[in-house]
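J.: I'd like to ask you about the structure that follows.
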Amino acid sequence: MQTFRFDLFFKKPDSPQAKVLMILLTLSIGSLASNFFLDYYNWSIRLQYFF
């Protein structure tokens with residue numbers, strides 16, 4: 001997230017609003033990634049019961 005260019009969206013990329021946006025984006029991407037891996041794990045465990 002630190003290499004993403006926030007200056008394209010904000011006039012002041014070091015402003016508090018930009019930092020809050022970076023934190024929210026980081027949390028949402030982390031949540032999506034962890035949910036994907038947990039769902040993948042749960043489906044792989046349940047796969048043995050299908051056959």
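Identifiers in the structure tokens: chain A, B, ... in order shown; residue index from 1 per chain; ligand index from 1 in order shown.
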Can you pull out every residue within 12 Å of stretch 16-29 of chain A, counting only C-alpha atoms, but drop anything in the same chain fewer than 2 positions away, and send it as a PyMOL selection string?
T.: chain A and resi 1-14+31-36
J.: Next, write the just-selected residues to a file, as a short mmCIF file (atom, residue, chain, number, x, y, z; two decimals), in the first residue's frame, keeping N, CA, C and O atoms as the atom set.
T.:
data_model
loop_
_atom_site.label_atom_id
_atom_site.label_comp_id
_atom_site.auth_asym_id
_atom_site.auth_seq_id
_atom_site.Cartn_x
_atom_site.Cartn_y
_atom_site.Cartn_z
N MET A 1 0.82 -1.20 0.00
CA MET A 1 0.00 0.00 0.00
C MET A 1 0.86 1.26 0.00
O MET A 1 0.40 2.30 -0.41
N GLN A 2 2.08 1.15 0.45
CA GLN A 2 2.91 2.35 0.51
C GLN A 2 3.42 2.76 -0.85
O GLN A 2 3.79 3.92 -1.04
N THR A 3 3.43 1.84 -1.82
CA THR A 3 3.89 2.20 -3.16
C THR A 3 2.77 2.73 -4.03
O THR A 3 3.03 3.21 -5.12
N PHE A 4 1.53 2.64 -3.58
CA PHE A 4 0.40 3.16 -4.34
C PHE A 4 0.44 4.68 -4.33
O PHE A 4 0.72 5.30 -3.32
N ARG A 5 0.16 5.27 -5.45
CA ARG A 5 0.25 6.73 -5.58
C ARG A 5 -1.07 7.39 -5.18
O ARG A 5 -1.99 7.51 -5.97
N PHE A 6 -1.13 7.81 -3.93
CA PHE A 6 -2.33 8.49 -3.44
C PHE A 6 -2.38 9.94 -3.90
O PHE A 6 -3.43 10.57 -3.80
N ASP A 7 -1.28 10.45 -4.40
CA ASP A 7 -1.29 11.83 -4.85
C ASP A 7 -2.16 12.02 -6.09
O ASP A 7 -2.51 13.15 -6.43
N LEU A 8 -2.54 10.94 -6.75
CA LEU A 8 -3.46 11.04 -7.87
C LEU A 8 -4.88 11.36 -7.41
O LEU A 8 -5.66 11.95 -8.15
N PHE A 9 -5.21 10.98 -6.19
CA PHE A 9 -6.55 11.17 -5.66
C PHE A 9 -6.65 12.31 -4.65
O PHE A 9 -7.74 12.84 -4.44
N PHE A 10 -5.55 12.66 -4.03
CA PHE A 10 -5.54 13.70 -3.01
C PHE A 10 -4.52 14.78 -3.36
O PHE A 10 -3.46 14.48 -3.90
N LYS A 11 -4.87 15.99 -3.03
CA LYS A 11 -3.91 17.08 -3.22
C LYS A 11 -2.78 16.98 -2.21
O LYS A 11 -1.64 17.28 -2.51
N LYS A 12 -3.12 16.53 -0.99
CA LYS A 12 -2.14 16.36 0.07
C LYS A 12 -2.15 14.90 0.51
O LYS A 12 -2.96 14.49 1.33
N PRO A 13 -1.24 14.08 -0.03
CA PRO A 13 -1.27 12.66 0.32
C PRO A 13 -0.87 12.36 1.76
O PRO A 13 -1.10 11.26 2.25
N ASP A 14 -0.32 13.33 2.47
CA ASP A 14 0.03 13.12 3.88
C ASP A 14 -1.04 13.64 4.83
O ASP A 14 -0.83 13.67 6.04
N SER A 31 -9.06 -8.21 4.77
CA SER A 31 -10.26 -8.98 5.08
C SER A 31 -10.68 -9.84 3.90
O SER A 31 -11.04 -11.01 4.08
N LEU A 32 -10.64 -9.29 2.70
CA LEU A 32 -10.99 -10.07 1.52
C LEU A 32 -10.04 -11.24 1.32
O LEU A 32 -10.47 -12.36 1.01
N ALA A 33 -8.75 -11.00 1.51
CA ALA A 33 -7.77 -12.07 1.33
C ALA A 33 -7.95 -13.16 2.38
O ALA A 33 -7.93 -14.35 2.06
N SER A 34 -8.14 -12.77 3.63
CA SER A 34 -8.30 -13.78 4.68
C SER A 34 -9.60 -14.56 4.50
O SER A 34 -9.62 -15.78 4.72
N ASN A 35 -10.68 -13.90 4.10
CA ASN A 35 -11.93 -14.61 3.86
C ASN A 35 -11.79 -15.60 2.71
O ASN A 35 -12.34 -16.70 2.76
N PHE A 36 -11.06 -15.21 1.68
CA PHE A 36 -10.83 -16.13 0.56
C PHE A 36 -10.11 -17.38 1.02
O PHE A 36 -10.51 -18.50 0.71
#
J.: If you run DSSP over the backbone, which residues in chain A end up helix (DSSP H, G or I)? Put them as a PyMOL selection string.
T.: chain A and resi 6-8+16-49
J.: Just write the chosen residues, C-alpha atoms, as a PDB file, in the first residue's frame.
T.:
ATOM      1  CA  PHE A   6      -2.328   8.488  -3.440  1.00  0.00           C
ATOM      2  CA  ASP A   7      -1.288  11.831  -4.852  1.00  0.00           C
ATOM      3  CA  LEU A   8      -3.458  11.039  -7.873  1.00  0.00           C
ATOM      4  CA  PRO A  16      -5.308  12.706   7.787  1.00  0.00           C
ATOM      5  CA  GLN A  17      -8.023  11.889   5.251  1.00  0.00           C
ATOM      6  CA  ALA A  18      -5.522  10.132   3.003  1.00  0.00           C
ATOM      7  CA  LYS A  19      -4.117   8.177   5.930  1.00  0.00           C
ATOM      8  CA  VAL A  20      -7.610   7.071   6.990  1.00  0.00           C
ATOM      9  CA  LEU A  21      -8.330   5.984   3.420  1.00  0.00           C
ATOM     10  CA  MET A  22      -5.086   3.998   3.319  1.00  0.00           C
ATOM     11  CA  ILE A  23      -5.948   2.286   6.611  1.00  0.00           C
ATOM     12  CA  LEU A  24      -9.469   1.424   5.423  1.00  0.00           C
ATOM     13  CA  LEU A  25      -8.183   0.101   2.100  1.00  0.00           C
ATOM     14  CA  THR A  26      -5.568  -1.997   3.862  1.00  0.00           C
ATOM     15  CA  LEU A  27      -8.160  -3.459   6.224  1.00  0.00           C
ATOM     16  CA  SER A  28     -10.597  -4.241   3.420  1.00  0.00           C
ATOM     17  CA  ILE A  29      -7.952  -5.911   1.239  1.00  0.00           C
ATOM     18  CA  GLY A  30      -6.730  -7.941   4.219  1.00  0.00           C
ATOM     19  CA  SER A  31     -10.259  -8.975   5.085  1.00  0.00           C
ATOM     20  CA  LEU A  32     -10.990 -10.066   1.515  1.00  0.00           C
ATOM     21  CA  ALA A  33      -7.774 -12.067   1.327  1.00  0.00           C
ATOM     22  CA  SER A  34      -8.299 -13.785   4.678  1.00  0.00           C
ATOM     23  CA  ASN A  35     -11.934 -14.612   3.856  1.00  0.00           C
ATOM     24  CA  PHE A  36     -10.834 -16.128   0.559  1.00  0.00           C
ATOM     25  CA  PHE A  37      -8.252 -18.373   2.214  1.00  0.00           C
ATOM     26  CA  LEU A  38     -10.608 -19.394   5.010  1.00  0.00           C
ATOM     27  CA  ASP A  39     -13.374 -20.219   2.532  1.00  0.00           C
ATOM     28  CA  TYR A  40     -10.913 -22.184   0.402  1.00  0.00           C
ATOM     29  CA  TYR A  41      -9.782 -24.130   3.455  1.00  0.00           C
ATOM     30  CA  ASN A  42     -13.357 -24.860   4.573  1.00  0.00           C
ATOM     31  CA  TRP A  43     -14.396 -26.022   1.103  1.00  0.00           C
ATOM     32  CA  SER A  44     -11.334 -28.247   0.829  1.00  0.00           C
ATOM     33  CA  ILE A  45     -12.226 -29.855   4.166  1.00  0.00           C
ATOM     34  CA  ARG A  46     -15.850 -30.380   3.081  1.00  0.00           C
ATOM     35  CA  LEU A  47     -14.806 -31.818  -0.277  1.00  0.00           C
ATOM     36  CA  GLN A  48     -14.149 -35.246   1.245  1.00  0.00           C
ATOM     37  CA  TYR A  49     -17.816 -35.536   2.238  1.00  0.00           C
TER      38      TYR A  49
END
